[in-house]
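K.L.:
Sharing coords-v4.cif here; it has mmCIF, C-alpha atoms.
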data_input
loop_
_atom_site.label_atom_id
_atom_site.label_comp_id
_atom_site.auth_asym_id
_atom_site.auth_seq_id
_atom_site.Cartn_x
_atom_site.Cartn_y
_atom_site.Cartn_z
CA MET Y 259 42.45 -148.83 -186.25
CA GLY Y 260 45.16 -150.61 -184.25
CA GLN Y 261 47.84 -149.44 -186.66
CA LEU Y 262 46.88 -145.80 -186.16
CA HIS Y 263 47.21 -146.20 -182.42
CA GLU Y 264 50.65 -147.82 -182.77
CA THR Y 265 51.76 -145.10 -185.15
CA GLY Y 266 50.58 -142.41 -182.77
CA ALA Y 267 52.45 -144.06 -179.90
CA SER Y 268 55.63 -144.39 -181.94
CA ILE Y 269 55.39 -140.74 -182.97
CA HIS Y 270 54.96 -139.81 -179.33
CA ARG Y 271 58.05 -141.85 -178.35
CA ARG Y 272 60.10 -140.26 -181.14
CA ARG Y 273 59.10 -136.76 -180.04
CA ARG Y 274 59.92 -137.55 -176.43
CA ARG Y 275 63.37 -138.90 -177.40
CA ARG Y 276 64.01 -135.84 -179.57
CA ARG Y 277 63.03 -133.48 -176.70
CA ALA Y 278 65.30 -135.42 -174.31
CA ALA Y 279 68.20 -135.24 -176.77
CA ILE Y 280 67.72 -131.49 -177.29
CA THR Y 281 67.48 -130.89 -173.52
CA LEU Y 282 70.61 -132.92 -172.79
CA THR Y 283 72.50 -131.14 -175.57
CA LEU Y 284 71.54 -127.72 -174.19
CA VAL Y 285 72.50 -128.71 -170.65
CA ALA Y 286 75.85 -130.00 -171.90
CA LEU Y 287 76.50 -126.75 -173.81
CA VAL Y 288 75.66 -124.64 -170.75
CA LEU Y 289 78.03 -126.73 -168.60
CA ILE Y 290 80.83 -126.49 -171.15
CA GLY Y 291 80.30 -122.71 -171.42
CA THR Y 292 80.37 -122.36 -167.64
CA PHE Y 293 83.60 -124.32 -167.32
CA MET Y 294 85.21 -122.32 -170.14
CA TYR Y 295 84.23 -119.02 -168.49
CA ALA Y 296 85.54 -120.21 -165.11
CA ALA Y 297 88.85 -121.24 -166.67
CA ALA Y 298 89.13 -117.89 -168.48
CA TYR Y 299 88.35 -116.04 -165.24
CA PHE Y 300 91.03 -117.88 -163.29
CA GLN Y 301 93.53 -117.30 -166.10
CA GLY Y 302 92.75 -113.57 -165.91
CA TRP Y 303 91.31 -113.32 -169.41
CA VAL Y 304 87.93 -112.01 -168.19
CA GLY Y 305 86.70 -110.28 -165.03
CA THR Y 306 88.57 -107.75 -162.96
CA ARG Y 307 92.20 -107.54 -163.77
CA ALA Y 308 94.83 -107.12 -161.11
CA PRO Y 309 96.41 -103.67 -161.24
CA LYS Y 310 99.85 -103.37 -162.76
CA ILE Y 311 102.65 -102.80 -160.24
CA VAL Y 312 104.49 -99.66 -161.19
CA SER Y 313 107.18 -99.18 -158.60
CA SER Y 314 108.05 -99.34 -154.95
CA PRO Y 315 107.93 -96.22 -152.74
CA SER Y 316 111.72 -95.85 -152.93
CA CYS Y 317 111.40 -95.13 -156.66
CA GLN Y 318 108.99 -92.22 -156.20
CA PRO Y 319 110.38 -88.73 -156.62
CA ALA Y 320 110.56 -86.67 -153.43
CA THR Y 321 109.24 -83.43 -154.94
CA PRO Y 322 105.52 -84.34 -155.26
CA VAL Y 323 105.43 -85.58 -151.65
CA GLU Y 324 106.76 -82.30 -150.32
CA ALA Y 325 104.48 -80.17 -152.52
CA LEU Y 326 101.27 -81.95 -151.45
CA THR Y 327 99.61 -81.81 -148.04
CA PRO Y 328 97.55 -84.65 -146.52
CA SER Y 329 94.39 -82.50 -146.62
CA ALA Y 330 94.62 -82.49 -150.43
CA VAL Y 331 94.55 -86.32 -150.66
CA THR Y 332 91.26 -88.21 -150.86
CA LEU Y 333 91.89 -91.68 -149.50
CA ASN Y 334 90.08 -95.03 -149.27
CA VAL Y 335 91.37 -97.48 -146.66
CA TYR Y 336 90.78 -101.17 -147.35
CA ASN Y 337 91.57 -104.31 -145.37
CA SER Y 338 92.78 -107.43 -147.19
CA THR Y 339 93.44 -109.38 -143.99
CA ASP Y 340 91.21 -111.29 -141.62
CA ARG Y 341 91.94 -108.83 -138.75
CA ALA Y 342 88.62 -107.17 -137.92
CA GLY Y 343 88.67 -103.39 -137.52
CA LEU Y 344 92.13 -102.93 -139.02
CA ALA Y 345 91.00 -100.58 -141.78
CA ALA Y 346 88.91 -98.52 -139.33
CA SER Y 347 91.79 -98.00 -136.90
CA VAL Y 348 94.22 -97.04 -139.69
CA ALA Y 349 91.61 -94.71 -141.21
CA LYS Y 350 91.22 -92.98 -137.84
CA ALA Y 351 95.00 -92.48 -137.59
CA LEU Y 352 95.15 -91.10 -141.14
CA ARG Y 353 92.28 -88.68 -140.43
CA THR Y 354 94.23 -87.32 -137.44
CA GLN Y 355 97.16 -86.76 -139.81
CA GLY Y 356 94.86 -84.65 -142.03
CA PHE Y 357 93.90 -87.05 -144.84
CA LYS Y 358 90.36 -87.00 -146.26
CA VAL Y 359 89.32 -90.63 -145.71
CA VAL Y 360 86.16 -91.42 -147.68
CA ASP Y 361 85.66 -95.19 -147.70
CA VAL Y 362 86.68 -97.76 -145.10
CA ALA Y 363 85.94 -101.40 -146.01
CA ASN Y 364 87.41 -104.72 -147.08
CA ASP Y 365 89.42 -104.77 -150.32
CA PRO Y 366 86.90 -104.48 -153.18
CA LEU Y 367 89.21 -106.52 -155.43
CA GLY Y 368 89.21 -109.32 -152.85
CA ARG Y 369 92.96 -109.88 -153.19
CA GLN Y 370 95.04 -111.36 -150.40
CA ILE Y 371 98.12 -109.19 -149.91
CA SER Y 372 100.90 -110.94 -148.04
CA GLY Y 373 103.15 -107.88 -147.75
CA VAL Y 374 102.64 -104.64 -145.84
CA GLY Y 375 100.11 -103.32 -148.35
CA GLU Y 376 99.38 -101.77 -151.71
CA ILE Y 377 98.78 -98.16 -152.59
CA ARG Y 378 96.60 -97.95 -155.69
CA SER Y 379 95.99 -94.81 -157.72
CA GLY Y 380 95.59 -93.51 -161.23
CA SER Y 381 98.04 -91.17 -162.88
CA ASP Y 382 96.19 -88.14 -161.45
CA GLY Y 383 96.69 -89.45 -157.91
CA ALA Y 384 100.39 -90.34 -158.20
CA ALA Y 385 101.51 -87.48 -155.92
CA GLY Y 386 98.94 -88.44 -153.30
CA ALA Y 387 100.01 -92.09 -153.56
CA ALA Y 388 103.62 -91.06 -152.94
CA LEU Y 389 102.51 -89.09 -149.87
CA VAL Y 390 100.63 -92.11 -148.52
CA ALA Y 391 103.59 -94.37 -149.36
CA ALA Y 392 105.73 -92.28 -147.01
CA ARG Y 393 103.46 -93.49 -144.18
CA LEU Y 394 103.51 -97.17 -145.12
CA ALA Y 395 107.10 -98.29 -145.54
CA GLY Y 396 107.44 -101.34 -147.77
CA ALA Y 397 104.08 -100.98 -149.53
CA LYS Y 398 103.87 -101.41 -153.29
CA VAL Y 399 102.61 -98.47 -155.33
CA VAL Y 400 100.24 -99.74 -158.04
CA LEU Y 401 98.95 -97.79 -161.02
CA ASP Y 402 95.41 -98.58 -162.14
CA ASN Y 403 92.99 -97.13 -164.70
CA ARG Y 404 91.02 -94.70 -162.51
CA THR Y 405 90.56 -91.21 -163.86
CA ASP Y 406 90.30 -89.31 -160.57
CA ALA Y 407 92.93 -88.47 -157.97
CA THR Y 408 91.67 -90.79 -155.21
CA VAL Y 409 94.14 -93.15 -153.59
CA ASP Y 410 93.38 -96.61 -152.18
CA LEU Y 411 95.45 -97.85 -149.25
CA VAL Y 412 95.05 -101.64 -149.01
CA LEU Y 413 96.49 -103.13 -145.83
CA GLY Y 414 98.25 -106.50 -146.09
CA LYS Y 415 99.04 -109.32 -143.70
CA ALA Y 416 102.51 -107.95 -142.80
CA PHE Y 417 101.11 -104.54 -141.76
CA LYS Y 418 102.15 -103.52 -138.25
CA VAL Y 419 101.95 -99.73 -137.84
CA LEU Y 420 101.82 -96.51 -139.84
CA SER Y 421 104.94 -94.39 -139.80
CA VAL Y 422 104.67 -90.65 -139.42
CA PRO Y 423 107.21 -88.73 -141.49
CA PRO Y 424 109.24 -86.34 -139.35
CA LYS Y 425 108.33 -82.68 -139.55
CA VAL Y 426 111.21 -80.75 -140.99
CA ALA Y 427 111.69 -77.26 -139.64
CA PRO Y 428 112.88 -74.79 -142.24
CA THR Y 429 116.49 -73.80 -141.59
CA LYS Y 430 118.67 -71.14 -143.14
CA PRO Y 431 121.72 -72.70 -144.72
CA SER Y 432 124.98 -71.01 -143.78
CA LYS Y 433 126.37 -71.70 -147.22
CA PRO Y 434 124.61 -72.48 -150.49
CA ALA Y 435 123.59 -76.09 -150.75
CA ALA Y 436 125.19 -78.16 -153.44
CA THR Y 437 122.83 -79.24 -156.19
CA PRO Y 438 122.31 -82.98 -155.86
CA THR Y 439 122.97 -85.08 -158.90
CA PRO Y 440 120.14 -87.46 -159.72
CA THR Y 441 121.03 -91.12 -159.76
CA ALA Y 442 118.91 -93.90 -161.09
CA LEU Y 443 118.05 -96.64 -158.66
CA PRO Y 444 118.70 -100.10 -160.04
CA SER Y 445 115.25 -101.38 -158.99
CA CYS Y 446 113.30 -98.64 -160.78
#
Write out the structure in this file as structure tokens.
P.N.:
Amino acid sequence: MGQLHETGASIHRRRRRRRAAITLTLVALVLIGTFMYAAAYFQGWVGTRAPKIVSSPSCQPATPVEALTPSAVTLNVYNSTDRAGLAASVAKALRTQGFKVVDVANDPLGRQISGVGEIRSGSDGAAGAALVAARLAGAKVVLDNRTDATVDLVLGKAFKVLSVPPKVAPTKPSKPAATPTPTALPSC
């Protein structure tokens, strides 16, 4: 009868060691998986991707800006700085200029922008992005994958003030204007 009790105890010890080994193995696999995902996230292989920079405002054609009015642009204003209320004050100024401001918040991508700002849009909002870029000199125009015409204005650390494009009064030319020849900018 003593041998049965010893055998039962040894079986119990073996099972406990096996459970401990399985538990430790699973914990190790979860930790390894977590570290691999974190590394992939920081390398940019998974998660939200940063939008691709397309061009600076100086590379945008002038025609779409003139053909579009601020009331036709749906705009989101985001703050990527630690200055409280910055997006709200800029959104108020843009509303007075006629823009349809929908969302005012911190940058949903959580990026820190050291320059003046970024203007993000899809291909349908390129004309609106160029119109907004005329008000934020030095901002980068960024093309993303959105399918609508909304434009995101993300304010950066170097932002000081919006510029208001001058209103041009229509004039009658005394002589026919010469047709300008397009030139490619070296930075485009």
K.L.:
Name the residues that the PyMOL selection byres ((chain Y and resi 333) around 8) pulls out of this structure, and write them as a PyMOL selection string.
P.N.:
chain Y and resi 331-332+334-335+357-361+408-411
K.L.:
Which residue, Y:Arg272, Y:Asn364, Y:Ala297, Y:Tyr336, has the smallest gap to Y:Glu376 when you use all atoms listed in the file?
P.N.:
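Between Y:Arg272, Y:Asn364, Y:Ala297, Y:Tyr336, the residue approaching Y:Glu376 most closely is Y:Tyr336.
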K.L.:
Using atom CA of Y:Ala387 and atom CA of Y:Val348 as the two end points, give the distance in Å to one decimal.
P.N.:
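The value is 15.8 Å.
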K.L.:
What's the separation between atom CA of Y:Phe417 and atom CA of Y:Ala384, in Å to one decimal place?
P.N.:
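So the two atoms, atom CA of Y:Phe417 and atom CA of Y:Ala384, lie 21.7 Å apart.
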K.L.:
Measuring atom to atom with only C-alpha atoms, identify which of Y:Leu413, Y:Leu420, Y:Ala385, Y:Val390 is nearest to Y:Leu326.
P.N.:
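Between Y:Leu413, Y:Leu420, Y:Ala385, Y:Val390, the residue approaching Y:Leu326 most closely is Y:Ala385.
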K.L.:
Smallest atom-to-atom distance to Y:Ser329: which of Y:Arg276, Y:Arg393, Y:Arg353, Y:Lys415, using only C-alpha atoms?
P.N.:
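Selected residue with least distance to Y:Ser329: Y:Arg353.
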K.L.:
Out of Y:Ala416, Y:Met294, Y:Leu289, Y:Leu282, which residue has the shortest atom-to-atom distance to Y:Ser372 when counting all atoms listed in the file?
P.N.:
Y:Ala416
K.L.:
Calculate how many Å separate atom CA of Y:Pro366 from atom CA of Y:Ala395, rounding to one decimal.
P.N.:
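We find that atom CA of Y:Pro366 and atom CA of Y:Ala395 lie 22.5 Å from each other.
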K.L.:
On this file, the PyMOL selection byres ((chain Y and resi 346) around 10) gives some set of residues; write that set as a PyMOL selection string.
P.N.:
chain Y and resi 335-337+342-345+347-352+361-363
K.L.:
Step by step: start from the point (89.1, -91.6, -157.3) in the file's coordinates, keep every protein, DNA or RNA residue that has an atom no farther than 8 Å from it, count only C-alpha atoms, and write the set as a VMD selection string.
P.N.:
chain Y and resid 332 379 to 380 383 404 to 409
K.L.:
Counting all atoms listed in the file, figure out which residue out of Y:Leu401, Y:Val412, Y:Ser268, Y:Leu284 gets nearest to Y:Gly368.
P.N.:
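The closest residue to Y:Gly368 is Y:Val412.
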K.L.:
Could stretch 388-420 of chain Y be completed with N, CA and C atoms and returned as a PDB file, in the coordinates of the input?
P.N.:
ATOM      1  N   ALA Y 388     102.261 -91.183-153.481  1.00  0.00           N
ATOM      2  CA  ALA Y 388     103.620 -91.060-152.940  1.00  0.00           C
ATOM      3  C   ALA Y 388     103.584 -90.526-151.514  1.00  0.00           C
ATOM      4  N   LEU Y 389     102.648 -89.620-151.223  1.00  0.00           N
ATOM      5  CA  LEU Y 389     102.510 -89.090-149.870  1.00  0.00           C
ATOM      6  C   LEU Y 389     102.043 -90.177-148.901  1.00  0.00           C
ATOM      7  N   VAL Y 390     101.103 -90.994-149.345  1.00  0.00           N
ATOM      8  CA  VAL Y 390     100.630 -92.110-148.520  1.00  0.00           C
ATOM      9  C   VAL Y 390     101.732 -93.155-148.363  1.00  0.00           C
ATOM     10  N   ALA Y 391     102.505 -93.390-149.410  1.00  0.00           N
ATOM     11  CA  ALA Y 391     103.590 -94.370-149.360  1.00  0.00           C
ATOM     12  C   ALA Y 391     104.635 -93.999-148.317  1.00  0.00           C
ATOM     13  N   ALA Y 392     104.777 -92.708-148.040  1.00  0.00           N
ATOM     14  CA  ALA Y 392     105.730 -92.280-147.010  1.00  0.00           C
ATOM     15  C   ALA Y 392     105.269 -92.723-145.622  1.00  0.00           C
ATOM     16  N   ARG Y 393     103.993 -93.041-145.471  1.00  0.00           N
ATOM     17  CA  ARG Y 393     103.460 -93.490-144.180  1.00  0.00           C
ATOM     18  C   ARG Y 393     103.375 -95.003-144.062  1.00  0.00           C
ATOM     19  N   LEU Y 394     103.606 -95.704-145.127  1.00  0.00           N
ATOM     20  CA  LEU Y 394     103.510 -97.170-145.120  1.00  0.00           C
ATOM     21  C   LEU Y 394     104.757 -97.744-145.779  1.00  0.00           C
ATOM     22  N   ALA Y 395     105.822 -97.819-145.011  1.00  0.00           N
ATOM     23  CA  ALA Y 395     107.100 -98.290-145.540  1.00  0.00           C
ATOM     24  C   ALA Y 395     106.984 -99.736-146.015  1.00  0.00           C
ATOM     25  N   GLY Y 396     107.450 -99.993-147.215  1.00  0.00           N
ATOM     26  CA  GLY Y 396     107.440-101.340-147.770  1.00  0.00           C
ATOM     27  C   GLY Y 396     106.234-101.657-148.618  1.00  0.00           C
ATOM     28  N   ALA Y 397     105.276-100.742-148.715  1.00  0.00           N
ATOM     29  CA  ALA Y 397     104.080-100.980-149.530  1.00  0.00           C
ATOM     30  C   ALA Y 397     104.409-100.802-151.003  1.00  0.00           C
ATOM     31  N   LYS Y 398     103.696-101.537-151.843  1.00  0.00           N
ATOM     32  CA  LYS Y 398     103.870-101.410-153.290  1.00  0.00           C
ATOM     33  C   LYS Y 398     102.926-100.343-153.820  1.00  0.00           C
ATOM     34  N   VAL Y 399     103.432 -99.476-154.669  1.00  0.00           N
ATOM     35  CA  VAL Y 399     102.610 -98.470-155.330  1.00  0.00           C
ATOM     36  C   VAL Y 399     102.158 -99.070-156.656  1.00  0.00           C
ATOM     37  N   VAL Y 400     100.841 -99.071-156.876  1.00  0.00           N
ATOM     38  CA  VAL Y 400     100.240 -99.740-158.040  1.00  0.00           C
ATOM     39  C   VAL Y 400      99.438 -98.724-158.834  1.00  0.00           C
ATOM     40  N   LEU Y 401      99.677 -98.681-160.121  1.00  0.00           N
ATOM     41  CA  LEU Y 401      98.950 -97.790-161.020  1.00  0.00           C
ATOM     42  C   LEU Y 401      97.774 -98.542-161.613  1.00  0.00           C
ATOM     43  N   ASP Y 402      96.565 -97.955-161.510  1.00  0.00           N
ATOM     44  CA  ASP Y 402      95.410 -98.580-162.140  1.00  0.00           C
ATOM     45  C   ASP Y 402      94.773 -97.594-163.119  1.00  0.00           C
ATOM     46  N   ASN Y 403      93.588 -97.913-163.619  1.00  0.00           N
ATOM     47  CA  ASN Y 403      92.990 -97.130-164.700  1.00  0.00           C
ATOM     48  C   ASN Y 403      92.024 -96.049-164.241  1.00  0.00           C
ATOM     49  N   ARG Y 404      91.983 -95.706-162.970  1.00  0.00           N
ATOM     50  CA  ARG Y 404      91.020 -94.700-162.510  1.00  0.00           C
ATOM     51  C   ARG Y 404      91.375 -93.333-163.085  1.00  0.00           C
ATOM     52  N   THR Y 405      90.356 -92.513-163.233  1.00  0.00           N
ATOM     53  CA  THR Y 405      90.560 -91.210-163.860  1.00  0.00           C
ATOM     54  C   THR Y 405      90.567 -90.068-162.850  1.00  0.00           C
ATOM     55  N   ASP Y 406      90.270 -90.363-161.578  1.00  0.00           N
ATOM     56  CA  ASP Y 406      90.300 -89.310-160.570  1.00  0.00           C
ATOM     57  C   ASP Y 406      91.576 -89.400-159.750  1.00  0.00           C
ATOM     58  N   ALA Y 407      91.699 -88.536-158.760  1.00  0.00           N
ATOM     59  CA  ALA Y 407      92.930 -88.470-157.970  1.00  0.00           C
ATOM     60  C   ALA Y 407      92.821 -89.230-156.644  1.00  0.00           C
ATOM     61  N   THR Y 408      91.786 -90.046-156.470  1.00  0.00           N
ATOM     62  CA  THR Y 408      91.670 -90.790-155.210  1.00  0.00           C
ATOM     63  C   THR Y 408      92.771 -91.833-155.109  1.00  0.00           C
ATOM     64  N   VAL Y 409      93.085 -92.171-153.882  1.00  0.00           N
ATOM     65  CA  VAL Y 409      94.140 -93.150-153.590  1.00  0.00           C
ATOM     66  C   VAL Y 409      93.529 -94.227-152.704  1.00  0.00           C
ATOM     67  N   ASP Y 410      93.817 -95.487-153.017  1.00  0.00           N
ATOM     68  CA  ASP Y 410      93.380 -96.610-152.180  1.00  0.00           C
ATOM     69  C   ASP Y 410      94.578 -97.143-151.411  1.00  0.00           C
ATOM     70  N   LEU Y 411      94.440 -97.227-150.098  1.00  0.00           N
ATOM     71  CA  LEU Y 411      95.450 -97.850-149.250  1.00  0.00           C
ATOM     72  C   LEU Y 411      94.885 -99.205-148.843  1.00  0.00           C
ATOM     73  N   VAL Y 412      95.510-100.289-149.312  1.00  0.00           N
ATOM     74  CA  VAL Y 412      95.050-101.640-149.010  1.00  0.00           C
ATOM     75  C   VAL Y 412      96.059-102.271-148.066  1.00  0.00           C
ATOM     76  N   LEU Y 413      95.604-102.603-146.862  1.00  0.00           N
ATOM     77  CA  LEU Y 413      96.490-103.130-145.830  1.00  0.00           C
ATOM     78  C   LEU Y 413      96.674-104.630-145.999  1.00  0.00           C
ATOM     79  N   GLY Y 414      97.927-105.090-145.919  1.00  0.00           N
ATOM     80  CA  GLY Y 414      98.250-106.500-146.090  1.00  0.00           C
ATOM     81  C   GLY Y 414      98.532-107.197-144.786  1.00  0.00           C
ATOM     82  N   LYS Y 415      98.832-108.488-144.887  1.00  0.00           N
ATOM     83  CA  LYS Y 415      99.040-109.320-143.700  1.00  0.00           C
ATOM     84  C   LYS Y 415     100.256-108.890-142.881  1.00  0.00           C
ATOM     85  N   ALA Y 416     101.289-108.336-143.517  1.00  0.00           N
ATOM     86  CA  ALA Y 416     102.510-107.950-142.800  1.00  0.00           C
ATOM     87  C   ALA Y 416     102.418-106.556-142.186  1.00  0.00           C
ATOM     88  N   PHE Y 417     101.260-105.890-142.312  1.00  0.00           N
ATOM     89  CA  PHE Y 417     101.110-104.540-141.760  1.00  0.00           C
ATOM     90  C   PHE Y 417     101.213-104.569-140.246  1.00  0.00           C
ATOM     91  N   LYS Y 418     102.007-103.650-139.703  1.00  0.00           N
ATOM     92  CA  LYS Y 418     102.150-103.520-138.250  1.00  0.00           C
ATOM     93  C   LYS Y 418     101.656-102.141-137.792  1.00  0.00           C
ATOM     94  N   VAL Y 419     102.273-101.076-138.319  1.00  0.00           N
ATOM     95  CA  VAL Y 419     101.950 -99.730-137.840  1.00  0.00           C
ATOM     96  C   VAL Y 419     102.261 -98.722-138.948  1.00  0.00           C
ATOM     97  N   LEU Y 420     101.516 -97.613-138.930  1.00  0.00           N
ATOM     98  CA  LEU Y 420     101.820 -96.510-139.840  1.00  0.00           C
ATOM     99  C   LEU Y 420     103.028 -95.758-139.324  1.00  0.00           C
TER     100      LEU Y 420
END
